[in-house]
Amino acid sequence: MNAPISSFDPFALVETSAAQVRVASPCGRLSLRARGDLAPLDAALGLTLPEKIGQRVSVGNLEAICLGPDEWKLETETGAVAGIEEACAKACAELPHALVDISAREVSFVIEGVRAAELLTLGCPRDIATIEIGTGRRTVFDGATVLIWRDGENSFRMDVWNSFAPHLFALLDTGCRELAAEAA
Amino acid sequence: MLLIHCPYCEETLPEAEFAHAGQAHVVRPENPSAQSDEEWENFLFIRSNVKGPHYERWRHVHGCGRFFNAVRDTVSDRFLTTYKAGAPRPDLETLTGEVK
């Protein structure tokens with residue numbers, strides 16, 4: 001089994017007037033690597049895999065993001081992982097690919113609030129404005145590779161590996177309090 | 001901080017997302033056992049130490065994960081161009097001509 005684990009309880013970890021950070025409820029995550037004509041995988045997944053890095057496509061509970069020229073990440077409900085693996089396994093004869101359940105590898109922080117974008121600049125060297133709403137990017141946050149999903153102007157999700165999560169959360173926690181103190 | 005253009009992401013991004021990966025266009029011999037010790041040593045260890053435009057590999061490690069090639073001026077640290085791995089080596093004269 002590759003069930004999601006989390007060292008945090010899913011409640012608001014920190015909430016200030018500037019931003020709030022909480023842990024998203026566990027979900028199923030899959031890493032997909034494939035090259036060539038993706039039609040068999042598109043059919044198996046029931047969506048068209050995005051081809052531009054950072055683009056997202058979602059159908060129902062399944063969301064796919066393109067991370068590299070031959071790499072995608074899929075997020076879905078915990079219970080739906082086995083079904084997706086089974087459907088893609090059937091497409092393996094037509095298009096050899098690698099699909100790995102990485103649900104247990106990561107936790108997601110939900111970062112929201114009026115200064116959420118500014119909070120991300122504390123650890124991320126990239127210009128947050130270049131991540132358009134409805135897309136996402138893999139980037140670096142205070143030394144650790146993270147995946148940032150931008151759901152709204154000031155609404156983000158950040159997927160981080162379990163081992164980095166306490167460290168990154170400590171920075172987000174400090175940042176939330178500092179931004180709130182500035183405003184006061 | 002340097003800004004580097006990733007030819008796969010087609011974005012110009014901060015250096016912190018990238019890792020340097022040595023000299024570019026070092027071709028592994030097709031038949032290593034036919035190599036003399038000197039030729040093999042040359043392939044493994046001997047690298048140029050250019051003052052000026054240098055062809056080198058970079059990896060977008062905190063991004064798309066891809067290796068790509070770049071021409072960087074080792075004096076000014078300016079990136080003259082970046083191009084996908086496997087693409088032919090760009091002509092240096094046209095690159096430096098653009099800079100002037």
# chains A, B, ... in the order shown; residues from 1 in each chain; ligands from 1

call {"tool": "closest_atom_pairs", "arguments": {"of": "chain B", "to": "chain A", "cutoff": "8 Å", "atoms": "only C-alpha atoms", "output": "CSV"}}
result
residue,atom,partner,partner_atom,distance
B:Tyr8,CA,A:Pro69,CA,7.0
B:Cys9,CA,A:Ile53,CA,5.9
B:Leu13,CA,A:Arg126,CA,6.4
B:Pro14,CA,A:Arg126,CA,6.1
B:Ala16,CA,A:Pro125,CA,6.9
B:Glu17,CA,A:Val140,CA,6.2
B:His62,CA,A:Thr139,CA,5.0
B:Gly63,CA,A:Arg138,CA,4.9
B:Cys64,CA,A:Gly68,CA,4.3
B:Gly65,CA,A:Gly68,CA,7.0
B:Arg66,CA,A:Gly68,CA,7.6

call {"tool": "residues_around", "arguments": {"residues": "Lys51 in chain B", "least_positions_apart": "3", "cutoff": "10 Å", "atoms": "only C-alpha atoms", "output": "PyMOL selection string"}}
result
chain B and resi 48+54+73-76

call {"tool": "residues_around", "arguments": {"residues": "Leu13 in chain A", "least_positions_apart": "2", "cutoff": "8 Å", "atoms": "only C-alpha atoms", "output": "ChimeraX atom specification"}}
result
/A:11,15,20-23

call {"tool": "residues_around", "arguments": {"residues": "Trp161 in chain A", "least_positions_apart": "6", "cutoff": "8 Å", "atoms": "only C-alpha atoms", "output": "MDAnalysis selection string"}}
result
chainID A and resid 105:107 146

call {"tool": "atom_distance", "arguments": {"atom1": "CA of Cys27 in chain A", "atom2": "CA of Ser103 in chain A"}}
result
6.8 Å

call {"tool": "residues_around", "arguments": {"residues": "Ile4 in chain B", "least_positions_apart": "2", "cutoff": "12 Å", "atoms": "only C-alpha atoms", "output": "VMD selection string"}}
result
(chain A and resid 126) or (chain B and resid 1 to 2 6 to 20 58 to 60 68 to 72 77 to 83)

call {"tool": "write_last_selection", "arguments": {"atoms": "N, CA and C atoms", "output": "CSV table (one decimal), in the first residue's frame"}}
result
chain,number,residue,atom,x,y,z
A,126,ARG,N,11.4,32.8,-7.9
A,126,ARG,CA,10.6,33.1,-9.1
A,126,ARG,C,9.6,34.2,-8.9
B,1,MET,N,21.4,38.1,-9.0
B,1,MET,CA,21.1,36.7,-9.4
B,1,MET,C,21.0,36.6,-10.9
B,2,LEU,N,21.6,35.6,-11.5
B,2,LEU,CA,21.5,35.4,-12.9
B,2,LEU,C,20.1,34.9,-13.3
B,6,CYS,N,15.1,28.8,-19.9
B,6,CYS,CA,15.0,27.4,-20.0
B,6,CYS,C,14.4,27.1,-21.4
B,7,PRO,N,15.1,26.4,-22.3
B,7,PRO,CA,14.5,26.2,-23.6
B,7,PRO,C,13.3,25.2,-23.6
B,8,TYR,N,13.1,24.5,-22.5
B,8,TYR,CA,12.0,23.6,-22.5
B,8,TYR,C,10.8,24.3,-21.9
B,9,CYS,N,11.0,25.0,-20.8
B,9,CYS,CA,9.9,25.7,-20.2
B,9,CYS,C,9.5,27.0,-20.9
B,10,GLU,N,10.5,27.5,-21.8
B,10,GLU,CA,10.3,28.7,-22.5
B,10,GLU,C,10.0,29.9,-21.6
B,11,GLU,N,10.8,29.9,-20.5
B,11,GLU,CA,10.6,31.0,-19.6
B,11,GLU,C,12.0,31.4,-19.1
B,12,THR,N,12.2,32.6,-18.7
B,12,THR,CA,13.5,33.1,-18.1
B,12,THR,C,13.3,33.1,-16.6
B,13,LEU,N,14.1,32.3,-16.0
B,13,LEU,CA,13.9,32.0,-14.5
B,13,LEU,C,15.2,32.2,-13.7
B,14,PRO,N,15.0,32.4,-12.4
B,14,PRO,CA,16.2,32.7,-11.6
B,14,PRO,C,17.1,31.5,-11.5
B,15,GLU,N,18.4,31.8,-11.4
B,15,GLU,CA,19.5,30.8,-11.3
B,15,GLU,C,19.2,29.8,-10.2
B,16,ALA,N,18.6,30.1,-9.1
B,16,ALA,CA,18.4,29.2,-8.0
B,16,ALA,C,17.6,27.9,-8.4
B,17,GLU,N,16.9,28.0,-9.5
B,17,GLU,CA,16.2,26.8,-10.0
B,17,GLU,C,17.1,25.9,-10.8
B,18,PHE,N,18.3,26.3,-11.1
B,18,PHE,CA,19.1,25.6,-12.1
B,18,PHE,C,20.4,25.0,-11.4
B,19,ALA,N,21.0,24.0,-12.0
B,19,ALA,CA,22.3,23.5,-11.5
B,19,ALA,C,23.2,23.4,-12.7
B,20,HIS,N,24.4,23.8,-12.5
B,20,HIS,CA,25.5,23.7,-13.5
B,20,HIS,C,25.9,22.2,-13.7
B,58,TRP,N,23.5,22.8,-18.4
B,58,TRP,CA,22.8,23.2,-17.2
B,58,TRP,C,21.6,22.3,-17.1
B,59,ARG,N,21.1,22.2,-15.8
B,59,ARG,CA,19.9,21.4,-15.6
B,59,ARG,C,18.9,22.2,-14.9
B,60,HIS,N,17.7,22.2,-15.4
B,60,HIS,CA,16.6,22.9,-14.7
B,60,HIS,C,16.1,22.0,-13.6
B,68,PHE,N,20.0,21.0,-20.5
B,68,PHE,CA,20.0,21.7,-21.8
B,68,PHE,C,21.4,22.3,-21.8
B,69,ASN,N,21.7,22.9,-23.0
B,69,ASN,CA,23.1,23.5,-23.2
B,69,ASN,C,22.9,25.0,-23.2
B,70,ALA,N,24.0,25.7,-22.8
B,70,ALA,CA,24.1,27.1,-22.8
B,70,ALA,C,25.4,27.6,-23.2
B,71,VAL,N,25.5,28.8,-23.7
B,71,VAL,CA,26.7,29.5,-24.0
B,71,VAL,C,26.8,30.6,-23.0
B,72,ARG,N,27.8,30.5,-22.1
B,72,ARG,CA,27.9,31.6,-21.1
B,72,ARG,C,29.3,32.2,-21.2
B,77,ASP,N,29.7,36.5,-17.1
B,77,ASP,CA,28.6,35.6,-16.6
B,77,ASP,C,27.4,35.8,-17.4
B,78,ARG,N,27.5,36.5,-18.5
B,78,ARG,CA,26.3,36.7,-19.4
B,78,ARG,C,26.0,35.4,-20.2
B,79,PHE,N,24.7,35.0,-20.2
B,79,PHE,CA,24.3,33.9,-21.0
B,79,PHE,C,24.0,34.4,-22.4
B,80,LEU,N,24.8,33.9,-23.4
B,80,LEU,CA,24.6,34.4,-24.8
B,80,LEU,C,23.4,33.7,-25.4
B,81,THR,N,23.2,32.4,-25.1
B,81,THR,CA,22.0,31.7,-25.6
B,81,THR,C,21.9,30.4,-24.8
B,82,THR,N,20.7,29.8,-24.8
B,82,THR,CA,20.5,28.5,-24.3
B,82,THR,C,19.8,27.7,-25.4
B,83,TYR,N,20.0,26.4,-25.5
B,83,TYR,CA,19.4,25.6,-26.5
B,83,TYR,C,19.2,24.2,-26.0

call {"tool": "atom_distance", "arguments": {"atom1": "CA of Ala91 in chain A", "atom2": "CA of Lys73 in chain A"}}
result
17.4 Å

call {"tool": "select_by_dssp", "arguments": {"residues": "chain B", "states": "alpha helix (DSSP H)", "output": "ChimeraX atom specification"}}
result
/B:37-44,92-99

call {"tool": "write_last_selection", "arguments": {"atoms": "C-alpha atoms", "output": "PDB file, in the first residue's frame"}}
result
ATOM      1  CA  ASP B  37      44.637   5.376 -22.243  1.00  0.00           C
ATOM      2  CA  GLU B  38      45.374   8.951 -23.308  1.00  0.00           C
ATOM      3  CA  GLU B  39      42.197   9.224 -25.387  1.00  0.00           C
ATOM      4  CA  TRP B  40      40.120   7.749 -22.572  1.00  0.00           C
ATOM      5  CA  GLU B  41      41.701  10.049 -20.016  1.00  0.00           C
ATOM      6  CA  ASN B  42      40.953  12.942 -22.330  1.00  0.00           C
ATOM      7  CA  PHE B  43      37.288  11.950 -22.545  1.00  0.00           C
ATOM      8  CA  LEU B  44      36.903  11.387 -18.800  1.00  0.00           C
ATOM      9  CA  LEU B  92      29.833  31.646 -31.776  1.00  0.00           C
ATOM     10  CA  GLU B  93      30.393  34.522 -34.187  1.00  0.00           C
ATOM     11  CA  THR B  94      26.712  35.232 -34.663  1.00  0.00           C
ATOM     12  CA  LEU B  95      26.209  35.060 -30.894  1.00  0.00           C
ATOM     13  CA  THR B  96      29.027  37.419 -29.976  1.00  0.00           C
ATOM     14  CA  GLY B  97      28.060  39.632 -32.919  1.00  0.00           C
ATOM     15  CA  GLU B  98      24.664  40.131 -31.332  1.00  0.00           C
ATOM     16  CA  VAL B  99      26.239  41.219 -28.063  1.00  0.00           C
TER      17      VAL B  99
END

call {"tool": "closest_residue", "arguments": {"among": "A:Pro50, A:Ser163, A:Gly60, A:Gln55", "to": "Ile133 in chain A", "atoms": "only C-alpha atoms"}}
result
A:Gln55

call {"tool": "closest_residue", "arguments": {"among": "B:Glu56, B:Ala85, B:Leu3, B:Ile46", "to": "Ala24 in chain B", "atoms": "only C-alpha atoms"}}
result
B:Glu56

call {"tool": "closest_residue", "arguments": {"among": "A:Leu179, A:Pro26, A:Ala98, A:Ser108", "to": "Arg157 in chain A", "atoms": "only C-alpha atoms"}}
result
A:Ser108

call {"tool": "residues_around", "arguments": {"residues": "range 169-176 of chain A", "least_positions_apart": "3", "cutoff": "10 Å", "atoms": "only C-alpha atoms", "output": "JSON, numbers by chain"}}
result
{"A": [13, 14, 15, 16, 17, 18, 19, 20, 21, 22, 23, 109, 111, 113, 115, 116, 118, 119, 120, 121, 122, 123, 141, 142, 160, 164, 165, 166, 179, 180, 181]}

call {"tool": "atom_distance", "arguments": {"atom1": "CA of Ile131 in chain A", "atom2": "CA of Ala24 in chain A"}}
result
20.5 Å
